[in-house]
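Worksheet: one structure, shown below.
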Amino acid sequence: MKSNKSKVLHNLLFKPLIFHVYDAVVKSDFDEIITVLGTKNIEEAGPILEERGSKIVLQELGNGKPYGTGYAVKLAKDFISEDDSLMVLYGDTPLIDEEVIRDFANFHNENYSDITVLSAVLDDPKDYGRIVRENGEFSEIVEKKELVPGKSYSNEVNSGIYFFSGKAFLNTIDLINDNNSKKEYMITDTIKLAKDMGFKVSAFVSENPEIILGVNDREDLYLCEKALVKRENKRRMIDGVTIHNPEVTMIAPEVEIDSDVEIFGECRIYGNSKIEAGTIVKSSNICNTKIGKNCTILNSYLEDSEIRDNVSFGPFSRLRPGAVIGECAHIGNFVEVKNSNFGAGSKAGHLAYIGDADVGKNVNVSCGVIFCNYDGKKKHRTKVGNNAFIGSNVNLVAPVELDDNSFAAAGSTITSKVYEDELAIERSKQKNIKDWVRKKGLHKED
Amino acid sequence: MKSNKSKVLHNLLFKPLIFHVYDAVVKSDFDEIITVLGTKNIEEAGPILEERGSKIVLQELGNGKPYGTGYAVKLAKDFISEDDSLMVLYGDTPLIDEEVIRDFANFHNENYSDITVLSAVLDDPKDYGRIVRENGEFSEIVEKKELVPGKSYSNEVNSGIYFFSGKAFLNTIDLINDNNSKKEYMITDTIKLAKDMGFKVSAFVSENPEIILGVNDREDLYLCEKALVKRENKRRMIDGVTIHNPEVTMIAPEVEIDSDVEIFGECRIYGNSKIEAGTIVKSSNICNTKIGKNCTILNSYLEDSEIRDNVSFGPFSRLRPGAVIGECAHIGNFVEVKNSNFGAGSKAGHLAYIGDADVGKNVNVSCGVIFCNYDGKKKHRTKVGNNAFIGSNVNLVAPVELDDNSFAAAGSTITSKVYEDELAIERSKQKNIKDWVRKKGLHKED
Amino acid sequence: MKSNKSKVLHNLLFKPLIFHVYDAVVKSDFDEIITVLGTKNIEEAGPILEERGSKIVLQELGNGKPYGTGYAVKLAKDFISEDDSLMVLYGDTPLIDEEVIRDFANFHNENYSDITVLSAVLDDPKDYGRIVRENGEFSEIVEKKELVPGKSYSNEVNSGIYFFSGKAFLNTIDLINDNNSKKEYMITDTIKLAKDMGFKVSAFVSENPEIILGVNDREDLYLCEKALVKRENKRRMIDGVTIHNPEVTMIAPEVEIDSDVEIFGECRIYGNSKIEAGTIVKSSNICNTKIGKNCTILNSYLEDSEIRDNVSFGPFSRLRPGAVIGECAHIGNFVEVKNSNFGAGSKAGHLAYIGDADVGKNVNVSCGVIFCNYDGKKKHRTKVGNNAFIGSNVNLVAPVELDDNSFAAAGSTITSKVYEDELAIERSKQKNIKDWVRKKGLHKED
C-alpha cells in the first residue's frame, strides 16, 4: 500500500477494510470471533475489535518471525476444539457478505465436509490457485506456478477462505511448514494434508465472484470500492431510490434511504444518516445527518445534524454538528448553522452564520446576519423568539435574547435584550458629503 | 418503481419518460396522437398531453379490470378507421426518436406491409421475444418461454412497437383475449392472427438497439438515462463542444450549445438554456439561463437568468430568477444576484447579495454589500447609478437610490438617497480603549 | 474540431495536445527538435516552441498548396544529413511517451534498421493501415482500402510514427508525390520506396496500444484524455495515493503527490502543484498550489497559493493568487484569501475576505470580517499582529494596522491604528423603540 497506515485500516466506502469483514461475520451469528492482528494493527484496531466482542491474538511480525496466513491461523489454535467449526476469513478481502457466509456454511454442513473451500468462477483467473474437480467433486487446488502447460483448467479459483471442522483443522495445522520458496506458512497446505488423511474436502462456488477481490495496493482498493458502490447503489435503485449518477454517488451500506428519494451527482452519504421519501439531493456531502420528507438539499455539506420535513436547503450551505433545522424552514446559499435549533418556518436565505442559538418559529434571519457566539474566551448562546425579524448584516452578540416579535434594524450590533414588539437599532445618522467623490478624484465619466 | 409517482412521469434527463416518446412522435408528423392513460397518469399527465394536442383515453385499472397492452390499445379502437395507419408506442420506452420512427414508417409503407414489427439485434436477448425469419422474411415471434430447447435463434428481438394498417388492426384487435397464464391482453397476439388471415407482416431492424430499452425499475431508469446522456454528449462533441467528463455532464437535448464551448466536470444544463462560443463552464448547474460568449462560469448554480458576453462568474456563486449580468461584468465568489440588472463592467467580487436592484455600469459592489430588499412586509427595489462605489459591508435599505458617481462608505447602512458625487457615510467615531484586552484577561503571550 | 482554435492547441489534461508530444520528445534527449507548423499554429505555438528550443518550419496551407504529412516532413529536409536519424511524430497523437520513444529508438538501432515503423496491436483495427509480416519480419503496410477481400490480416496496425536513418529519408522523401485520390503527399509512401531500394524496414510493436490514439474531433479528444487520466491515476494509486473516484479526478502528470494522500470526488489538480503526505482532498480545484502535510481540503477552489502543514480548509472556500496559509491555521466556509500571509494557528471560520494583508499568528478573524483593500483608486495592505481578535462583521479599512493582542469589537469599521491591548470600537448606542413592531403592523400571532 506504500502507506504509514496498516493495510486493513484503509477505508473502503467510509469503513476500514477489516470492519467490512468483521461486520459480515457478526451478522452471521458465529459463537466466537478471533482476530489475529500484527503489532501495528493490534494497536490501532485491537481495542475496537475487543470492545466489539472479538478475541484478539497477536502475531508478532519482523525479521526471523514465522510468516504467512497458515501461521496466523495457527496462533488461534488454543481457542479451537475438535467439536468446533472454524471459518477462516481475511481482513483484506472486504467484499464478503453475510449471505455468502451463510450459504457457504450451510453447504459445508449439509455436505458433511471436513473442509470446504470457498471458490468463485472468474473470467480471468489471474494468479489465483485453480480448483480441480473430478466428477464434479473437489479434487485439489493447483497454484499458478504448478499449472501443467498444455493442460486445460477450469476458471474456478480458490478464494483462500475455508471452513474447517475443528478436527480437520487441529489434525493438519501443526503439520504445515515454511519450507518453500516464499518461506511462508501457507494455510492452503492443510487441504492436501487433510485429503491425504481421509478428511472430506469440498468446494463451494460463490455466485458472486467479486467476493474474492482482495486488496494489495490502492488500485485494488479502488476496484473493491467501485464493486461495492455498484452493488449497493443497484440494491437501492431496485428498492426505489432514483440515483442519476451511481458511478459518483457513494452511500455507506448502513445509511437508510426511503423510496422516492432522488439523488443527483457526486454525493457522499455516510455515518448514521437517513433520508426520507420525496427528498431531492444534489451534489452533497451528508454525514451523520437525518433528513426528513420532501426536502431539497443542493450542493451542501452536512455533518451531525438534523433537517426536518419540507426544508429547502442550499446551494452552498453547511451544517456543522448539532444543527436542527425545523419543518418548512428555508436555508439558502452561503449559510452555516452550528449547534443551533432553527425553528419551523424560519428563513435564513443568504450569507449568514447561526451558531449556538435557539431560533424560534417563523423568524426572518436576513442576509449577512451573524450570531457572534465567541468573545475571545468562550462561546455563549443566543435566543431569538418566534416571528422575530433580524435585519441585514446585524450582529447578535451572545449572550443576548430577542423576544417574540422583536425587530433588529439592518446594520445594528445588538448587545442587550430586545423585548416583544421592540425595534432595536444601533446606528448613526447617515451623512452625505457633497462633491466628495469629485474632490477625491474618483468621479468617472462614462 | 416502488414509487408514489406513476412510472411514466419519472424524469429521464430532466423530462418525464412519457414526454420523450410524445416529443419524438410530435416531431414525426402523425395526423393524430392518442394517449391511453391509467387513472393516476390521466390525472397527472392528461391535461398537459391534451393541451399539447393528444386525444386522451382512460384505461381503468384495478381488480377485475381487463389488463395488458392489447387491452389498452383496443381502447383507442374508435379513433381508427380501415384506411388509417396506427403506430403503437409505449410511454416507458423512452429512447425511441423521430429518426427511427420515420425509417420504421417508411419501411412499412415501402413494403406494403399490413403490420410491421420494430426489432433490434441485441448482444444479450434477455427476456425479449425473438423474431424468426424464413428466407429473410418475417415468420413469427417466439416468446422466451416458448423457445424450443436445442434450437438456435437469432438475436433479433421484438421491441413491442408495431405499425398497423387500420384494416389489420381492426380485424385482429377484438380477437385477442386474456386467456393466458398472465391474464393479460397481449397485443403481440394480433401478429399471429393477422398472419393467419393473410395479412403481410414484416419486421424492421432498428440500427440503434438502445431504442428497445424500457423502464421497469430505477436501475432501468438509470441505464436509459446513461444511454441518452452518452448519445447526446457524443453528438455535441462531434458538433464542436469540448466535454471533459461526459459521464457526469448531463445536458438536456433542447439546450443550445455553440462550438468552442468547454465543459468540465459535473454539470447539469437544462431548460431553456443556451451557451455561446468561447465560454468555459466548470461544475455548474444551469437551468433556463442564457450565457453569452467568452464567459467563465465556475462551480455555480444558475436559474432563470441571463449572463451576457465576457463575464467571469464564480466560483460558488448563484443566480436566482430574473438576474441579468451585463457584458464584461465580474461576479466573484459567494455572491447571489436575484431579480436584478447588473450593468456592464460592474463588479461584485465577494460575499454580496444583490436583490431587486438596477445596478448601472462600472459600479463597484464591494465585499459584504447587501441590498436589503425586504422590510418584513414587502420587497422594494434599489437603484444604483453608473460608476458608483459601494463600500464593504454596506447595507442599501430599499427603496433607496444612489446616483451616478456616488460613494457609500464601508460599514454604512444607507437609507436615503445619495446624489451624484456625494459620499454617504453612516458611522460613529472609532474609540480605542487602552489596556482593555489585558484587563479582560484576553492578552496572550506567544 | 469545428473550432476557431488550431487542433493541436486544444487542451488535453490541462496542456495543449502538441506539448504532450513535445515534452515526451524533450525527455527523450534528441539532439534537435524540428516542428513543422501551419500558418495558424505557427502564430500561436511557434514562439513558445522556439523558446523551448525547437527549430520551427512553416508549412503554408491553403488552396493549391501541397498537402499531407509527407510534404510537411519534407519541409524539414534541409535540417537532416545522411548521418542523422529522424523520428517523425505528430502533434495530434498525444499519448506517446518517452518510454515508448526510447524503446522504439533502441529497437531501431539494435536492428540496424533504415526505417522502423511504430505499430500497435488493436482489438479493432478500424481504418488504420495493417502491418503485414513474413516470417515475423516486416513486409509491407496495406491501407484499409487495399485490403484483399477474403484474405486475413493481423491486427497489427501502423501508428504513422517512423524512425528513419538520414540516408533512407533523404533518398525517398523527394520521390513521393500527391498523385493519388486524396491529392496528398503521404509519408507512408517512403516505406515502399525504401524497401524497393534495398533499405531495411522493420516494425516495432508498442506494448501500449493507446499511444496510437489520435485526435480528429472532440470525441477523440475526450477518449485520449480519458486514457491518459486512467494511466496517470493508476500510476499514482500504485505509488500510494488513494483516489476514490479516478474517473472524475483529473491530475496533471507534473503534479507531485505524496503517498498517503487521499482524494475524493471530482478534483482537478494541475500546474505547479504539490500535495504532501496525510492530506485529504475532496472535490476541489487546485491550480499552482502547494499543500503541506495532514491538511484537509474540502470542496474548495485554490489558485497560485500555498497551504502549510495541518491546515483545515473549506468547504466552499477559495484562495486567489498569493495566499499563504500558515501551519495549523483554520479556514472554514465561504472564506476568500488573496495576496495575503495568514499566520500559523490563525482562524477565519466563516464568511470572511482577507485581501492584501499580513495576518500574524493565532489571530481570530471572526465571521463576516472584511479586509477593505480598495478605496476606489488603488489597493492597500492591512497588518494584523499576533493574538489579535477581530470581531464579527468588522471592516478593516486599509491601509491600517492592528498590533499584537489588539481587539476590534463586532460591527466596527476600523480606519485607524489599534495599539497593543486596545479595544477599538466604532459603534453607536443601541436604542430599543417600544411597540414599534406592533405600530408598523409587523406583529404576527403564531
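By order of appearance in the C-alpha cells: chains A, B, ..., then residues from 1 within every chain, and ligands from 1 in the order shown.
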Return the neighbours of chain A among the residues of chain C, cut-off 8 Å, counting only C-alpha atoms, as a ChimeraX atom specification. /C:234,237-245,259-260,265-266,315-316,333-334,350-351,367-368,376-377,389,392-393,410-411,427-438,442-444,446
Just to be explicit: take each residue in the selection above, keep N, CA and C atoms, and write the result as a compact mmCIF listing (two decimals), in the first residue's frame.
# COMPACT_ATOMS: atom_id res chain seq x y z
N LYS C 234 -3.79 5.49 -12.31
CA LYS C 234 -3.33 4.15 -11.94
C LYS C 234 -1.90 4.23 -11.41
N MET C 237 -2.04 5.59 -7.93
CA MET C 237 -2.58 4.63 -6.96
C MET C 237 -1.51 3.61 -6.58
N ILE C 238 -0.84 3.09 -7.59
CA ILE C 238 0.23 2.12 -7.31
C ILE C 238 1.32 2.76 -6.45
N ASP C 239 1.52 4.05 -6.63
CA ASP C 239 2.53 4.77 -5.84
C ASP C 239 2.05 5.17 -4.45
N GLY C 240 0.83 4.81 -4.08
CA GLY C 240 0.42 5.04 -2.69
C GLY C 240 -0.56 6.18 -2.47
N VAL C 241 -1.16 6.70 -3.54
CA VAL C 241 -2.18 7.74 -3.37
C VAL C 241 -3.56 7.07 -3.46
N THR C 242 -4.42 7.31 -2.47
CA THR C 242 -5.77 6.77 -2.55
C THR C 242 -6.62 7.73 -3.40
N ILE C 243 -7.19 7.19 -4.47
CA ILE C 243 -8.07 8.01 -5.32
C ILE C 243 -9.41 7.27 -5.37
N HIS C 244 -10.41 7.84 -4.73
CA HIS C 244 -11.68 7.12 -4.62
C HIS C 244 -12.47 7.13 -5.92
N ASN C 245 -12.38 8.21 -6.68
CA ASN C 245 -13.18 8.33 -7.90
C ASN C 245 -12.30 8.72 -9.08
N SER C 259 2.67 9.75 -1.14
CA SER C 259 1.85 8.62 -0.74
C SER C 259 1.06 9.03 0.50
N ASP C 260 0.00 8.28 0.76
CA ASP C 260 -0.90 8.57 1.88
C ASP C 260 -1.65 9.89 1.75
N GLY C 265 -13.71 12.27 -4.99
CA GLY C 265 -14.59 13.01 -5.87
C GLY C 265 -13.91 13.76 -6.99
N GLU C 266 -14.68 14.69 -7.53
CA GLU C 266 -14.25 15.42 -8.71
C GLU C 266 -13.22 16.46 -8.34
N PRO C 315 -15.43 23.56 3.87
CA PRO C 315 -15.80 23.53 2.46
C PRO C 315 -16.19 24.91 1.92
N PHE C 316 -16.18 25.02 0.61
CA PHE C 316 -16.63 26.22 -0.08
C PHE C 316 -15.76 27.42 0.27
N ASN C 333 -15.77 27.95 6.09
CA ASN C 333 -16.59 28.03 4.88
C ASN C 333 -16.84 29.47 4.42
N PHE C 334 -16.91 29.63 3.10
CA PHE C 334 -17.22 30.93 2.50
C PHE C 334 -16.16 31.97 2.87
N HIS C 350 -15.54 31.66 8.90
CA HIS C 350 -16.75 31.79 8.10
C HIS C 350 -16.89 33.16 7.46
N LEU C 351 -17.32 33.17 6.21
CA LEU C 351 -17.82 34.38 5.55
C LEU C 351 -16.87 35.56 5.69
N CYS C 367 -16.46 35.86 12.00
CA CYS C 367 -17.35 35.74 10.86
C CYS C 367 -17.67 37.12 10.27
N GLY C 368 -17.65 37.23 8.97
CA GLY C 368 -18.07 38.45 8.31
C GLY C 368 -17.02 39.55 8.25
N GLY C 376 -11.22 52.59 -4.26
CA GLY C 376 -11.80 53.15 -5.48
C GLY C 376 -10.71 53.56 -6.45
N LYS C 377 -9.50 53.78 -5.91
CA LYS C 377 -8.37 54.11 -6.78
C LYS C 377 -7.32 53.01 -6.76
N PHE C 389 -7.75 39.90 17.97
CA PHE C 389 -9.12 39.38 17.83
C PHE C 389 -9.92 40.39 17.02
N SER C 392 -16.91 40.10 14.76
CA SER C 392 -17.76 39.80 13.60
C SER C 392 -18.13 41.05 12.82
N ASN C 393 -18.19 40.87 11.50
CA ASN C 393 -18.62 41.94 10.60
C ASN C 393 -17.77 43.20 10.70
N ALA C 410 -17.10 43.74 17.49
CA ALA C 410 -18.01 43.33 16.42
C ALA C 410 -18.72 44.55 15.81
N GLY C 411 -18.83 44.55 14.52
CA GLY C 411 -19.61 45.58 13.84
C GLY C 411 -18.87 46.89 13.62
N ARG C 427 -19.08 52.25 17.15
CA ARG C 427 -20.46 51.78 17.28
C ARG C 427 -21.30 52.87 17.96
N SER C 428 -22.57 52.89 17.69
CA SER C 428 -23.47 53.81 18.41
C SER C 428 -24.09 53.06 19.58
N LYS C 429 -24.91 53.77 20.30
CA LYS C 429 -25.61 53.14 21.41
C LYS C 429 -26.85 52.43 20.86
N GLN C 430 -27.10 51.23 21.36
CA GLN C 430 -28.30 50.51 20.93
C GLN C 430 -29.53 51.17 21.52
N LYS C 431 -30.50 51.50 20.67
CA LYS C 431 -31.77 52.05 21.15
C LYS C 431 -32.87 51.05 20.91
N ASN C 432 -33.71 50.84 21.88
CA ASN C 432 -34.86 49.96 21.69
C ASN C 432 -36.13 50.81 21.69
N ILE C 433 -36.89 50.71 20.63
CA ILE C 433 -38.08 51.54 20.49
C ILE C 433 -39.31 50.70 20.75
N LYS C 434 -40.02 51.04 21.81
CA LYS C 434 -41.16 50.22 22.26
C LYS C 434 -42.28 50.17 21.23
N ASP C 435 -42.91 49.02 21.13
CA ASP C 435 -44.14 48.86 20.35
C ASP C 435 -44.02 49.18 18.86
N TRP C 436 -42.79 49.43 18.42
CA TRP C 436 -42.55 49.77 17.01
C TRP C 436 -43.10 48.69 16.07
N VAL C 437 -42.88 47.44 16.44
CA VAL C 437 -43.29 46.32 15.57
C VAL C 437 -44.80 46.31 15.41
N ARG C 438 -45.48 46.49 16.54
CA ARG C 438 -46.95 46.48 16.51
C ARG C 438 -47.49 47.66 15.71
N LEU C 442 -46.26 44.84 11.95
CA LEU C 442 -45.42 43.66 11.69
C LEU C 442 -45.60 42.56 12.73
N HIS C 443 -46.34 42.84 13.77
CA HIS C 443 -46.57 41.84 14.80
C HIS C 443 -47.41 40.69 14.23
N LYS C 444 -46.93 39.46 14.49
CA LYS C 444 -47.67 38.29 14.00
C LYS C 444 -48.05 37.40 15.16
N ASP C 446 -48.85 33.62 16.38
CA ASP C 446 -48.47 32.29 15.86
C ASP C 446 -49.64 31.63 15.13
Excluding same-chain residues fewer than 5 positions from Glu98 of chain B, what lies within 7 Å of it counting only C-alpha atoms, as a PyMOL selection string? chain B and resi 24-25+27-28
Output N, CA, C and O atoms of each residue in that selection to a file, as a short mmCIF file (atom, residue, chain, number, x, y, z; two decimals), in the first residue's frame.
data_model
loop_
_atom_site.label_atom_id
_atom_site.label_comp_id
_atom_site.auth_asym_id
_atom_site.auth_seq_id
_atom_site.Cartn_x
_atom_site.Cartn_y
_atom_site.Cartn_z
N ALA B 24 -40.97 12.75 -29.53
CA ALA B 24 -40.49 12.08 -30.75
C ALA B 24 -41.63 11.90 -31.73
O ALA B 24 -41.47 12.09 -32.94
N VAL B 25 -42.79 11.55 -31.21
CA VAL B 25 -43.96 11.34 -32.05
C VAL B 25 -44.41 12.66 -32.68
O VAL B 25 -44.71 12.74 -33.88
N LYS B 27 -42.63 15.22 -33.40
CA LYS B 27 -41.70 15.60 -34.47
C LYS B 27 -41.87 14.76 -35.73
O LYS B 27 -41.35 15.10 -36.77
N SER B 28 -42.56 13.61 -35.60
CA SER B 28 -42.69 12.70 -36.74
C SER B 28 -43.95 12.96 -37.56
O SER B 28 -44.28 12.21 -38.48
#
Write out as a VMD selection string the set of residues from segment 158-287 of chain C that DSSP, computed on the backbone, places in helix (DSSP H, G or I). chain C and resid 166 to 172 189 to 196 209 to 212 218 to 238
Taking only segment 189-338 of chain A into account, list the residues labelled strand (DSSP E or B) by DSSP (computed from the backbone), as a PyMOL selection string. chain A and resi 201-206+242-243+250-251+256-257+262-264+268-270+274-275+280-282+285-291+296-298+301-307+312-313+318-319+324-325+330-338
Contact residues around Glu140 of chain B with only C-alpha atoms at 10 Å, ignoring same-chain residues under 5 positions, as a list in words: Gly129, Arg130, Ile131, Val132, Arg133, Glu134, Ile191, Lys192, Lys195, Val201, Ser202 and Ala203 of chain B
Nearest candidate to Ala76 of chain C (options C:Ala45, C:Ile269, C:Ile173, C:Ile101; using only C-alpha atoms): C:Ile173
Just the residues within 7 Å of segment 323-327 of chain C, please, counting only C-alpha atoms, with nothing from its chain fewer than 4 positions along; format it as a PyMOL selection string. chain C and resi 305-311+319+337-345
Report, in Å to a single decimal, how far apart atom CA of Ile251 of chain C and atom CA of Lys282 of chain A are. 24.4 Å
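Computed from the coordinates, the atom CA of Leu9 of chain B to atom CA of Ile42 of chain B distance equals 10.9 Å.
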